[in-house]
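Shown below: upload.cif, with mmCIF, C-alpha atoms and all ligand atoms.
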data_entry
loop_
_atom_site.label_atom_id
_atom_site.label_comp_id
_atom_site.auth_asym_id
_atom_site.auth_seq_id
_atom_site.Cartn_x
_atom_site.Cartn_y
_atom_site.Cartn_z
CA MET V 604 -167.47 6.62 96.95
CA THR V 605 -168.29 10.27 96.64
CA ASN V 606 -171.86 11.00 95.59
CA LEU V 607 -170.94 12.04 92.07
CA ASP V 608 -174.45 13.31 91.31
CA ARG V 609 -173.84 16.00 93.87
CA CYS V 610 -170.66 17.17 92.13
CA TYR V 611 -172.07 19.72 89.72
CA ASN V 612 -168.82 21.07 88.38
CA ILE V 613 -165.07 20.46 88.37
CA PHE V 614 -164.64 22.58 91.51
CA ASP V 615 -167.00 20.27 93.43
CA LEU V 616 -164.94 17.29 92.30
CA ARG V 617 -161.81 19.12 93.45
CA GLU V 618 -163.26 19.66 96.92
CA ALA V 619 -164.35 16.05 97.21
CA ALA V 620 -160.89 14.91 96.07
CA GLN V 621 -159.32 17.07 98.76
CA ARG V 622 -161.35 15.31 101.41
CA ARG V 623 -160.33 11.87 100.19
CA LEU V 624 -156.62 12.22 99.47
CA PRO V 625 -153.69 12.59 101.87
CA ARG V 626 -152.64 16.22 101.95
CA GLY V 627 -149.27 15.62 100.27
CA ILE V 628 -150.87 13.84 97.32
CA PHE V 629 -153.68 16.38 96.97
CA GLU V 630 -151.25 19.31 97.00
CA TYR V 631 -149.01 17.55 94.49
CA VAL V 632 -151.97 17.42 92.12
CA ASP V 633 -153.61 20.70 92.91
CA LYS V 634 -150.90 23.27 93.46
CA GLY V 635 -148.65 25.08 91.04
CA THR V 636 -145.07 26.12 91.54
CA GLU V 637 -143.41 28.80 93.70
CA ASP V 638 -146.07 31.48 94.38
CA GLY V 639 -148.79 29.84 92.30
CA ILE V 640 -149.05 32.86 89.98
CA SER V 641 -148.97 30.92 86.74
CA LEU V 642 -151.66 28.59 88.11
CA GLU V 643 -153.95 31.51 88.95
CA GLU V 644 -153.19 33.33 85.72
CA ASN V 645 -154.26 30.31 83.67
CA ARG V 646 -157.75 30.67 85.13
CA ALA V 647 -157.82 34.46 85.09
CA ALA V 648 -156.87 34.60 81.41
CA PHE V 649 -159.80 32.36 80.44
CA GLN V 650 -162.13 34.36 82.65
CA ARG V 651 -161.15 37.66 81.01
CA ILE V 652 -162.42 36.50 77.63
CA LYS V 653 -166.11 37.20 77.02
CA LEU V 654 -168.20 35.66 74.30
CA ARG V 655 -170.90 37.08 72.03
CA THR V 656 -174.31 35.42 72.28
CA CYS V 657 -176.13 34.49 69.13
CA PHE V 658 -179.56 32.82 69.28
CA LEU V 659 -182.17 31.42 66.87
CA ASN V 660 -179.90 29.60 64.42
CA ASP V 661 -181.57 26.20 64.73
CA TRP V 662 -179.28 24.63 67.25
CA SER V 663 -181.15 21.33 67.21
CA LYS V 664 -178.61 19.32 65.21
CA ARG V 665 -175.32 19.68 66.98
CA ASP V 666 -172.13 17.65 67.16
CA LEU V 667 -169.31 18.16 69.63
CA GLY V 668 -166.93 15.82 67.81
CA THR V 669 -163.95 16.75 65.67
CA GLU V 670 -161.09 15.21 63.71
CA ILE V 671 -157.57 14.88 65.04
CA PHE V 672 -154.81 13.38 62.91
CA GLY V 673 -157.37 12.26 60.37
CA SER V 674 -159.83 10.46 62.62
CA ARG V 675 -162.73 11.41 64.76
CA ILE V 676 -162.87 12.03 68.47
CA ASN V 677 -166.27 12.49 70.11
CA LEU V 678 -165.30 15.61 72.05
CA PRO V 679 -162.65 18.23 71.26
CA PHE V 680 -160.52 17.32 74.25
CA GLY V 681 -158.30 14.55 75.51
CA ILE V 682 -156.58 13.50 78.71
CA ALA V 683 -153.23 15.17 79.44
CA PRO V 684 -150.35 13.10 80.79
CA THR V 685 -150.29 13.14 84.58
CA GLY V 686 -147.90 10.94 86.48
CA SER V 687 -150.24 10.33 89.39
CA ALA V 688 -153.66 9.07 88.35
CA GLY V 689 -152.62 5.77 89.93
CA LEU V 690 -152.47 7.48 93.34
CA MET V 691 -155.98 8.88 93.00
CA TRP V 692 -157.59 5.44 92.96
CA TYR V 693 -156.43 1.87 92.89
CA GLN V 694 -155.24 1.35 89.29
CA GLY V 695 -156.40 4.89 88.60
CA GLU V 696 -154.68 5.02 85.22
CA ILE V 697 -156.71 2.05 84.00
CA GLU V 698 -159.89 3.66 85.35
CA LEU V 699 -159.05 6.91 83.58
CA ALA V 700 -158.15 5.09 80.36
CA ARG V 701 -161.53 3.30 80.41
CA ALA V 702 -163.36 6.58 80.95
CA ALA V 703 -161.51 8.17 78.03
CA ALA V 704 -162.14 5.14 75.80
CA ASP V 705 -165.87 5.15 76.62
CA ALA V 706 -166.07 8.86 75.86
CA GLY V 707 -164.21 8.38 72.56
CA ILE V 708 -161.34 10.72 73.40
CA PRO V 709 -157.56 10.18 73.47
CA LEU V 710 -155.65 9.31 76.61
CA THR V 711 -152.04 10.34 77.14
CA LEU V 712 -150.19 8.03 79.51
CA ALA V 713 -147.40 9.76 81.42
CA MET V 714 -144.08 8.00 81.37
CA GLY V 715 -144.08 8.27 85.18
CA ALA V 716 -147.39 6.37 85.47
CA LEU V 717 -147.90 3.58 87.97
CA THR V 718 -149.44 1.40 85.27
CA SER V 719 -147.50 -0.09 82.40
CA LEU V 720 -148.09 0.54 78.72
CA GLU V 721 -148.89 -3.14 78.35
CA GLU V 722 -151.61 -3.11 81.03
CA ILE V 723 -153.25 -0.02 79.52
CA THR V 724 -153.16 -1.62 76.07
CA GLN V 725 -154.84 -4.69 77.47
CA ALA V 726 -157.50 -2.66 79.29
CA VAL V 727 -158.42 -0.44 76.33
CA PRO V 728 -157.11 -2.15 73.19
CA ASP V 729 -159.08 -0.17 70.64
CA SER V 730 -158.91 3.35 71.97
CA ARG V 731 -156.61 6.22 70.99
CA LYS V 732 -153.51 6.11 73.15
CA TRP V 733 -150.59 8.54 73.30
CA PHE V 734 -147.42 8.05 75.34
CA GLN V 735 -145.58 10.95 76.97
CA LEU V 736 -141.81 11.08 77.40
CA TYR V 737 -139.63 13.32 79.56
CA PRO V 738 -136.28 12.74 77.92
CA TRP V 739 -133.51 11.66 80.27
CA GLU V 740 -129.80 11.95 79.83
CA ASP V 741 -129.89 8.15 79.55
CA GLN V 742 -130.74 7.84 75.86
CA GLU V 743 -130.93 4.09 76.04
CA GLY V 744 -133.60 4.41 78.73
CA ASN V 745 -135.58 6.88 76.62
CA TYR V 746 -135.56 4.68 73.56
CA GLU V 747 -136.34 1.56 75.58
CA MET V 748 -139.62 3.12 76.74
CA VAL V 749 -140.48 4.66 73.39
CA ALA V 750 -139.87 1.33 71.66
CA ARG V 751 -142.42 -0.33 73.94
CA ALA V 752 -145.08 2.21 72.95
CA ARG V 753 -144.08 1.82 69.31
CA ASP V 754 -144.29 -1.97 69.38
CA LEU V 755 -147.69 -1.83 71.05
CA GLY V 756 -148.95 0.36 68.19
CA TRP V 757 -149.67 3.49 70.21
CA GLU V 758 -150.81 6.39 68.06
CA ALA V 759 -148.60 9.25 69.22
CA LEU V 760 -145.48 10.08 71.16
CA VAL V 761 -145.74 13.27 73.22
CA VAL V 762 -142.35 14.74 74.09
CA THR V 763 -142.48 17.16 77.03
CA ILE V 764 -139.61 19.63 76.75
CA ASP V 765 -139.89 21.79 79.91
CA HIS V 766 -138.25 19.29 82.22
CA ALA V 767 -134.55 20.19 82.29
CA PRO V 768 -134.54 23.06 84.83
CA GLY V 769 -136.44 21.05 87.46
CA ARG V 770 -139.45 22.24 89.46
CA GLY V 771 -139.87 24.75 92.26
CA ARG V 772 -142.60 22.91 94.14
CA GLU V 773 -141.85 24.02 97.67
CA HIS V 774 -145.10 22.47 98.94
CA ASN V 775 -143.74 19.00 98.18
CA GLU V 776 -140.75 19.72 100.41
CA ARG V 777 -143.02 20.93 103.19
CA ASN V 778 -145.59 18.17 103.11
CA GLY V 779 -143.07 15.38 102.58
CA PHE V 780 -144.55 14.06 99.34
CA SER V 781 -142.31 12.34 96.83
CA PHE V 782 -142.79 9.52 94.42
CA PRO V 783 -141.74 6.73 94.60
CA PHE V 784 -142.60 7.19 98.28
CA THR V 785 -139.63 7.84 100.52
CA PRO V 786 -139.95 7.22 104.25
CA ASN V 787 -140.41 10.39 106.30
CA MET V 788 -142.45 11.28 109.36
CA THR V 789 -144.57 14.05 107.75
CA ALA V 790 -145.76 11.81 104.91
CA ALA V 791 -146.35 8.86 107.24
CA LEU V 792 -148.52 10.97 109.57
CA ASP V 793 -150.40 12.43 106.62
CA MET V 794 -151.24 8.98 105.30
CA ALA V 795 -152.17 7.73 108.74
CA MET V 796 -154.70 10.55 108.94
CA HIS V 797 -156.32 9.30 105.73
CA PRO V 798 -157.16 5.68 106.56
CA GLY V 799 -159.80 5.62 103.82
CA TRP V 800 -157.18 6.26 101.13
CA MET V 801 -154.78 3.79 102.77
CA TRP V 802 -157.48 1.12 102.73
CA ARG V 803 -158.94 1.76 99.28
CA VAL V 804 -155.75 2.54 97.39
CA LEU V 805 -152.44 1.71 99.07
CA ARG V 806 -153.60 -1.55 100.69
CA LYS V 807 -154.89 -2.86 97.35
CA TYR V 808 -151.55 -2.16 95.66
CA LEU V 809 -149.65 -3.80 98.49
CA VAL V 810 -151.87 -6.88 98.41
CA ASN V 811 -152.01 -7.24 94.63
CA GLU V 812 -148.82 -5.89 93.11
CA GLY V 813 -146.59 -4.48 95.87
CA MET V 814 -145.56 -0.92 96.60
CA PRO V 815 -146.46 1.28 93.63
CA THR V 816 -143.61 2.55 91.48
CA ASN V 817 -143.03 4.00 88.01
CA ALA V 818 -144.16 1.03 85.97
CA ASN V 819 -142.76 2.15 82.62
CA TYR V 820 -139.25 2.97 83.74
CA PRO V 821 -136.52 0.52 82.77
CA ALA V 822 -135.92 -1.94 85.62
CA ARG V 823 -132.76 -0.17 86.84
CA TYR V 824 -134.85 2.90 87.78
CA ARG V 825 -137.87 1.08 89.11
CA HIS V 826 -137.76 0.83 92.86
CA SER V 827 -139.81 1.39 95.95
CA ILE V 828 -139.18 2.03 99.62
CA ILE V 829 -139.57 -1.61 100.46
CA ASP V 830 -137.56 -3.35 97.76
CA GLY V 831 -134.28 -2.59 99.50
CA LYS V 832 -132.45 -1.66 96.30
CA LYS V 833 -130.16 1.32 96.07
CA ARG V 834 -132.10 4.23 94.70
CA VAL V 835 -130.96 5.19 91.19
CA ARG V 836 -132.53 8.35 89.89
CA PRO V 837 -132.58 8.98 86.14
CA LYS V 838 -130.91 12.31 85.34
CA ARG V 839 -132.82 15.10 83.63
CA PHE V 840 -131.52 15.74 80.14
CA GLU V 841 -129.95 19.16 80.58
CA ALA V 842 -128.03 19.02 77.29
CA MET V 843 -131.12 18.33 75.20
CA THR V 844 -131.54 20.25 71.92
CA TRP V 845 -133.87 20.11 68.93
CA GLU V 846 -131.42 17.65 67.39
CA HIS V 847 -132.61 15.10 69.95
CA VAL V 848 -136.22 15.76 68.99
CA ARG V 849 -135.23 15.09 65.37
CA LYS V 850 -133.69 11.76 66.40
CA LEU V 851 -136.89 10.80 68.21
CA ARG V 852 -138.75 11.81 65.05
CA ASP V 853 -136.66 9.38 63.03
CA PHE V 854 -137.24 6.61 65.55
CA TRP V 855 -140.96 7.09 66.13
CA PRO V 856 -143.07 5.87 63.18
CA ARG V 857 -146.37 7.59 63.96
CA LYS V 858 -147.51 11.02 65.18
CA LEU V 859 -145.00 13.07 67.14
CA ILE V 860 -146.27 15.81 69.43
CA VAL V 861 -144.08 18.34 71.26
CA LYS V 862 -145.55 19.61 74.53
CA SER V 863 -144.59 22.77 76.50
CA ILE V 864 -144.65 25.29 73.64
CA LEU V 865 -145.18 28.90 74.74
CA SER V 866 -144.03 31.01 71.77
CA GLY V 867 -144.27 31.16 68.00
CA ASP V 868 -140.50 30.60 67.70
CA GLN V 869 -140.55 27.41 69.74
CA ALA V 870 -143.56 26.21 67.79
CA ARG V 871 -141.70 26.74 64.51
CA ALA V 872 -138.65 24.92 65.88
CA ALA V 873 -140.84 21.97 66.91
CA VAL V 874 -142.49 21.74 63.50
CA ASP V 875 -139.11 22.09 61.77
CA ALA V 876 -137.85 19.21 63.91
CA GLY V 877 -140.67 17.08 62.50
CA ALA V 878 -143.49 17.43 65.03
CA ASP V 879 -146.96 16.68 63.65
CA GLY V 880 -148.58 18.41 66.59
CA ILE V 881 -147.71 20.73 69.43
CA VAL V 882 -149.27 21.37 72.81
CA VAL V 883 -149.27 24.97 74.00
CA SER V 884 -148.75 24.25 77.69
CA ASN V 885 -147.26 25.76 80.82
CA HIS V 886 -147.71 22.43 82.58
CA GLY V 887 -150.85 23.64 84.33
CA GLY V 888 -148.84 26.32 86.16
CA ARG V 889 -146.58 23.65 87.64
CA ALA V 890 -143.33 24.48 85.90
CA PHE V 891 -142.29 28.16 85.55
CA ASP V 892 -144.18 30.64 87.69
CA SER V 893 -143.47 33.52 85.31
CA ALA V 894 -144.89 31.65 82.32
CA VAL V 895 -147.56 33.26 80.17
CA ALA V 896 -151.11 31.90 80.32
CA THR V 897 -151.53 29.50 77.42
CA ILE V 898 -154.73 31.07 76.09
CA ASP V 899 -152.91 34.44 75.87
CA ILE V 900 -150.07 33.08 73.74
CA LEU V 901 -152.17 30.74 71.60
CA PRO V 902 -152.83 33.28 68.78
CA GLU V 903 -149.07 33.83 68.34
CA VAL V 904 -148.48 30.08 68.10
CA VAL V 905 -151.36 29.52 65.68
CA GLU V 906 -150.11 32.33 63.50
CA ALA V 907 -146.65 30.75 63.47
CA VAL V 908 -147.56 27.12 62.70
CA GLY V 909 -151.35 26.72 62.56
CA SER V 910 -151.34 25.91 58.85
CA ARG V 911 -148.70 23.17 59.13
CA SER V 912 -149.32 21.59 62.50
CA THR V 913 -152.07 20.36 64.80
CA VAL V 914 -152.05 22.93 67.59
CA MET V 915 -153.44 21.81 70.96
CA LEU V 916 -153.60 23.63 74.28
CA ASP V 917 -153.74 22.78 77.94
CA SER V 918 -153.41 24.46 81.35
CA GLY V 919 -156.36 25.84 83.29
CA ILE V 920 -159.32 24.15 81.57
CA ARG V 921 -162.06 23.87 84.21
CA ARG V 922 -165.20 24.87 82.29
CA GLY V 923 -166.65 23.86 78.95
CA SER V 924 -166.55 27.47 77.81
CA ASP V 925 -162.73 27.45 78.28
CA ILE V 926 -162.56 24.78 75.60
CA LEU V 927 -164.69 26.84 73.26
CA LYS V 928 -162.39 29.85 73.75
CA ALA V 929 -159.29 27.81 72.95
CA LEU V 930 -160.89 26.39 69.80
CA ALA V 931 -161.93 29.88 68.71
CA LEU V 932 -158.34 31.02 69.00
CA GLY V 933 -157.11 28.22 66.79
CA ALA V 934 -156.53 25.13 68.96
CA ARG V 935 -157.76 21.94 67.28
CA MET V 936 -158.43 20.37 70.66
CA VAL V 937 -157.40 20.78 74.29
CA LEU V 938 -156.05 18.48 76.98
CA VAL V 939 -157.25 18.36 80.55
CA GLY V 940 -155.07 17.37 83.48
CA ARG V 941 -156.44 18.09 86.93
CA ALA V 942 -160.14 18.02 85.98
CA THR V 943 -160.15 14.27 85.33
CA LEU V 944 -157.65 13.58 88.14
CA TYR V 945 -160.08 15.10 90.65
CA GLY V 946 -162.81 12.94 89.13
CA THR V 947 -160.67 9.80 89.32
CA ALA V 948 -159.92 10.52 92.99
CA CYS V 949 -163.66 10.70 93.72
CA GLY V 950 -164.82 7.59 91.92
CA GLY V 951 -162.29 5.90 89.64
CA GLN V 952 -163.73 5.38 86.15
CA ALA V 953 -167.15 6.73 87.18
CA GLY V 954 -165.55 9.87 88.62
CA ALA V 955 -163.40 10.48 85.55
CA THR V 956 -166.49 9.96 83.39
CA ARG V 957 -168.34 12.48 85.55
CA ALA V 958 -165.58 15.07 84.94
CA ILE V 959 -165.65 14.43 81.19
CA ARG V 960 -169.46 14.69 81.17
CA ILE V 961 -169.44 17.95 83.12
CA LEU V 962 -167.03 19.54 80.65
CA ALA V 963 -168.96 18.17 77.67
CA ASP V 964 -172.32 19.42 78.98
CA GLU V 965 -170.95 22.87 79.77
CA MET V 966 -169.33 23.05 76.36
CA GLU V 967 -172.52 22.03 74.63
CA ARG V 968 -174.40 24.76 76.49
CA ALA V 969 -171.75 27.29 75.49
CA PHE V 970 -172.12 26.17 71.85
CA GLY V 971 -175.80 27.05 72.17
CA TYR V 972 -175.16 30.50 73.61
CA VAL V 973 -172.69 31.52 70.91
CA GLY V 974 -174.78 29.90 68.18
CA VAL V 975 -172.47 27.20 66.84
CA ARG V 976 -173.50 23.66 66.04
CA ARG V 977 -170.15 22.04 65.36
CA VAL V 978 -166.47 22.60 66.00
CA SER V 979 -165.84 23.70 62.40
CA GLU V 980 -168.20 26.65 62.97
CA ILE V 981 -166.19 28.02 65.90
CA GLY V 982 -164.08 31.07 65.11
CA PRO V 983 -163.05 34.48 66.38
CA HIS V 984 -166.50 35.86 65.56
CA ILE V 985 -167.67 34.40 68.90
CA PHE V 986 -165.65 36.90 70.94
CA ALA V 987 -167.65 39.74 72.44
CA GLN V 988 -164.94 42.37 72.33
CA ARG V 989 -162.58 43.28 69.59
CA GLU V 990 -159.73 43.69 72.06
CA PRO V 991 -156.17 44.32 70.92
CA ARG V 992 -155.21 40.91 72.33
CA MET V 993 -157.57 39.37 69.82
CA ALA V 994 -155.85 41.21 66.99
CA GLY V 995 -154.52 37.97 65.55
CA CYS V 996 -158.00 36.49 65.30
CA ALA V 997 -158.75 37.44 61.71
CA GLN V 998 -155.51 35.79 60.73
CA THR V 999 -156.34 32.77 62.89
CA ALA V 1000 -159.65 32.43 61.09
CA GLN V 1001 -157.88 32.60 57.76
CA ILE V 1002 -155.32 29.99 58.78
CA LEU V 1003 -158.06 27.66 59.94
CA GLY V 1004 -160.16 28.31 56.85
CA ILE V 1005 -163.14 29.68 58.77
CA SER V 1006 -164.67 31.92 56.16
CA GLU V 1007 -168.23 32.20 57.33
CA ALA V 1008 -169.34 33.74 60.58
CA ILE V 1009 -172.35 31.94 61.96
CA GLY V 1010 -175.58 33.80 62.41
CA GLY V 1011 -174.27 36.99 60.85
CA SER V 1012 -172.48 37.99 64.02
CA ALA V 1013 -169.01 38.69 62.65
C1 LIG G 1 -150.50 15.76 89.10
C2 LIG G 1 -150.00 16.13 87.74
C3 LIG G 1 -148.99 15.37 87.17
C4 LIG G 1 -148.51 15.72 85.90
N1 LIG G 1 -147.56 14.92 85.32
C5 LIG G 1 -147.14 15.22 84.07
C6 LIG G 1 -146.22 14.35 83.41
O1 LIG G 1 -145.80 13.32 83.95
N2 LIG G 1 -145.84 14.70 82.15
C7 LIG G 1 -146.28 15.83 81.53
O2 LIG G 1 -145.91 16.10 80.39
N3 LIG G 1 -147.17 16.64 82.14
C8 LIG G 1 -147.61 16.36 83.37
N4 LIG G 1 -148.52 17.18 83.98
C9 LIG G 1 -149.02 18.35 83.26
C10 LIG G 1 -150.25 17.98 82.44
O3 LIG G 1 -149.93 17.16 81.36
C11 LIG G 1 -150.94 19.23 81.87
O4 LIG G 1 -150.00 19.98 81.15
C12 LIG G 1 -151.60 20.08 82.92
O5 LIG G 1 -152.14 19.30 83.96
C13 LIG G 1 -152.70 20.91 82.29
O6 LIG G 1 -153.25 21.80 83.20
P1 LIG G 1 -154.59 21.53 84.03
O7 LIG G 1 -154.21 20.56 85.12
O8 LIG G 1 -154.91 22.88 84.54
O9 LIG G 1 -155.60 20.96 83.08
C14 LIG G 1 -149.02 16.86 85.23
C15 LIG G 1 -150.05 17.60 85.82
C16 LIG G 1 -150.55 17.24 87.05
C17 LIG G 1 -151.67 18.04 87.64
#
Let me see the file written as structure tokens.
Amino acid sequence: MTNLDRCYNIFDLREAAQRRLPRGIFEYVDKGTEDGISLEENRAAFQRIKLRTCFLNDWSKRDLGTEIFGSRINLPFGIAPTGSAGLMWYQGEIELARAAADAGIPLTLAMGALTSLEEITQAVPDSRKWFQLYPWEDQEGNYEMVARARDLGWEALVVTIDHAPGRGREHNERNGFSFPFTPNMTAALDMAMHPGWMWRVLRKYLVNEGMPTNANYPARYRHSIIDGKKRVRPKRFEAMTWEHVRKLRDFWPRKLIVKSILSGDQARAAVDAGADGIVVSNHGGRAFDSAVATIDILPEVVEAVGSRSTVMLDSGIRRGSDILKALALGARMVLVGRATLYGTACGGQAGATRAIRILADEMERAFGYVGVRRVSEIGPHIFAQREPRMAGCAQTAQILGISEAIGGSA
């Protein structure tokens, strides 16, 4: 296992993950789409924002927790759905779920996960669990999966809506990666050059449960390179409209979250269709390479629906201060994707916990620098500059009911 104590930040975990994973799998996790512009811009946009320091406000009693959908989480972030934690580590999704449960934060299980809803429920029965759906043309298939999450009592359904046009991930074509694995020489050589991963991860699956596949898919879509069945691929739902979101709303009894929102108009449409929450997300720069950075569009979304929806954000979170910036612009919490995947690749549950701890410690330090003690004290007053792009901040503060600037720094 990687020496986690020597991974001081998320970038160290990333480097260690790169050493451990076959190239195709690492690039699948790490890269963006097309030219990687949206991926870079997610980071650059956070880095452009500077914060105002504010000391000597008695910072001794602080609390990083917050409330989401009426109950407390210990940190203002959760785990984003990623369909590959199970390739980072043997039963990586269970490891990640345990780390999230121990930290007291929500886990979103991707529909494409290698671990079933039932196994996750068994591993972490009392934690907050959300299930993510990419709607297919096959409605029966969609509802079959959603019904399983419903019957297991999962808290929220996250519907990702950026799926229909497909992805431009040229690197996957080049390095031969696909999942479920398909036989090809490039991928086979890549794996052969990573015997450690083959031994620790693939061998354990083969010995214990067989070739890994998408565990939550209905049986007709669940297959692997060695089961000899004809490959049936579910079709992306190109004809999907908000009407279909409304139908899911009627079917799903608990919280409904729509993910992939990048404008005020789409946010309004999601809330009108019955969403309780939305995730401002460009899929971590993995979907549309001309997409706006999420932190740049967040004020528009908060202005549109902040008073009637739980607005969350993801894409590009690598430092605790990024989380603070998103909260100051009106997000109630954020989701992290790659940060905890890198951690899981380095040490399973312990690695994911390390990633969560790094972000929490950095965020706590950032709280201290800007002079806030709890999430409810965070607001636009923490920004150093009054830039035009922050013009919506006063309104954001009003929407969120932040009336008082801390430490007289408004
Ligand atoms: C390897 C990987 C797989 C992902 N799989 C899914 C998925 O199955 N469903 C989904 O809605 N988002 C998926 N995402 C996107 C994440 O939910 C999230 O939007 C993104 O990772 C956030 O950006 P970050 O990685 O910079 O934190 C995936 C992201 C990664 C890195």
Hey, could you make a per-residue contact list for chain V against ligand LIG 1 (chain G) with 6 Å as the cut-off, showing the nearest pair of atoms and its distance in Å to one decimal, counting only C-alpha atoms and all ligand atoms, sorted by chain and number, as JSON lines?
{"residue": "V:Tyr631", "atom": "CA", "partner": "G:LIG1", "partner_atom": "C1", "distance": 5.9}
{"residue": "V:Val632", "atom": "CA", "partner": "G:LIG1", "partner_atom": "C1", "distance": 3.7}
{"residue": "V:Ala683", "atom": "CA", "partner": "G:LIG1", "partner_atom": "O3", "distance": 4.3}
{"residue": "V:Pro684", "atom": "CA", "partner": "G:LIG1", "partner_atom": "O3", "distance": 4.1}
{"residue": "V:Thr685", "atom": "CA", "partner": "G:LIG1", "partner_atom": "N1", "distance": 3.3}
{"residue": "V:Gly686", "atom": "CA", "partner": "G:LIG1", "partner_atom": "O1", "distance": 4.1}
{"residue": "V:Ser687", "atom": "CA", "partner": "G:LIG1", "partner_atom": "C1", "distance": 5.4}
{"residue": "V:Ala713", "atom": "CA", "partner": "G:LIG1", "partner_atom": "O1", "distance": 4.7}
{"residue": "V:Gly715", "atom": "CA", "partner": "G:LIG1", "partner_atom": "O1", "distance": 5.5}
{"residue": "V:Thr763", "atom": "CA", "partner": "G:LIG1", "partner_atom": "O2", "distance": 4.9}
{"residue": "V:Ser884", "atom": "CA", "partner": "G:LIG1", "partner_atom": "O4", "distance": 5.6}
{"residue": "V:His886", "atom": "CA", "partner": "G:LIG1", "partner_atom": "O4", "distance": 3.6}
{"residue": "V:Gly887", "atom": "CA", "partner": "G:LIG1", "partner_atom": "O6", "distance": 3.2}
{"residue": "V:Asp917", "atom": "CA", "partner": "G:LIG1", "partner_atom": "C13", "distance": 4.8}
{"residue": "V:Ser918", "atom": "CA", "partner": "G:LIG1", "partner_atom": "O6", "distance": 3.2}
{"residue": "V:Gly919", "atom": "CA", "partner": "G:LIG1", "partner_atom": "O8", "distance": 3.5}
{"residue": "V:Ile920", "atom": "CA", "partner": "G:LIG1", "partner_atom": "O9", "distance": 5.1}
{"residue": "V:Val939", "atom": "CA", "partner": "G:LIG1", "partner_atom": "O9", "distance": 4.0}
{"residue": "V:Gly940", "atom": "CA", "partner": "G:LIG1", "partner_atom": "O5", "distance": 3.5}
{"residue": "V:Arg941", "atom": "CA", "partner": "G:LIG1", "partner_atom": "O7", "distance": 3.8}
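Among V:Lys858, V:Arg772, V:Arg623, V:His984, the residue with the shortest atom-to-atom distance to Arg803 of chain V, counting all atoms listed in the file, is V:Arg623.
Proximity of V:Ala890, V:Met966, V:Val883, V:Ile640 to Gly909 of chain V, computed with all atoms listed in the file, is greatest for V:Val883.
Closest approach to Lys664 of chain V from the set V:Val975, V:Leu760, V:Val882, V:Ala969 is made by V:Val975, with distances taken over only C-alpha atoms.
Comparing V:Gly982, V:Pro821, V:Gly888, V:Gly635 by their smallest distance to Asn775 of chain V, the closest is V:Gly635 (using only C-alpha atoms).
The residue set within 10 Å of Thr913 of chain V, counting all atoms listed in the file and dropping same-chain residues fewer than 2 places from it, reads Ile671, Phe672, Ile860, Val874, Ala878, Asp879, Gly880, Ile881, Val882, Val905, Val908, Gly909, Ser910, Arg911, Met915, Gly933, Ala934, Arg935 and Met936 of chain V.
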inquiry  = Which residues are near Val895 of chain V? Cut-off 10 Å, only C-alpha atoms, ignore same chain within fewer than 3 positions. Put them as a ChimeraX atom specification.
reply    = /V:640-641,644-645,648,865-866,884-885,888,891-892,898-900
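At a cut-off of 10 Å from (-141.9, 23.0, 94.6), the residue set is Tyr631, Lys634, Gly635, Thr636, Glu637, Asp638, Gly639, Gly769, Arg770, Gly771, Arg772, Glu773, His774, Asn775, Glu776, Arg777, Arg889 and Ala890 of chain V (counting only C-alpha atoms).
Atom CA of Thr789 of chain V is positioned 27.3 Å from atom CA of Glu643 of chain V.
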message = Can you pull out the residues contacting Ile723 of chain V? Cut-off 9 Å, using all atoms listed in the file, and skip same-chain residues under 6 positions away; I want them as a count of residues only.
response = 6
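Taking all atoms listed in the file into account, Arg626 of chain V lies nearest to V:Asn778 out of the set V:Asn677, V:Asn612, V:Asn778, V:Thr718.
If all atoms listed in the file are the atoms counted, then among V:Thr605, V:Ser924, V:Ser781, V:Gln694 the closest residue to Arg617 of chain V is V:Thr605.
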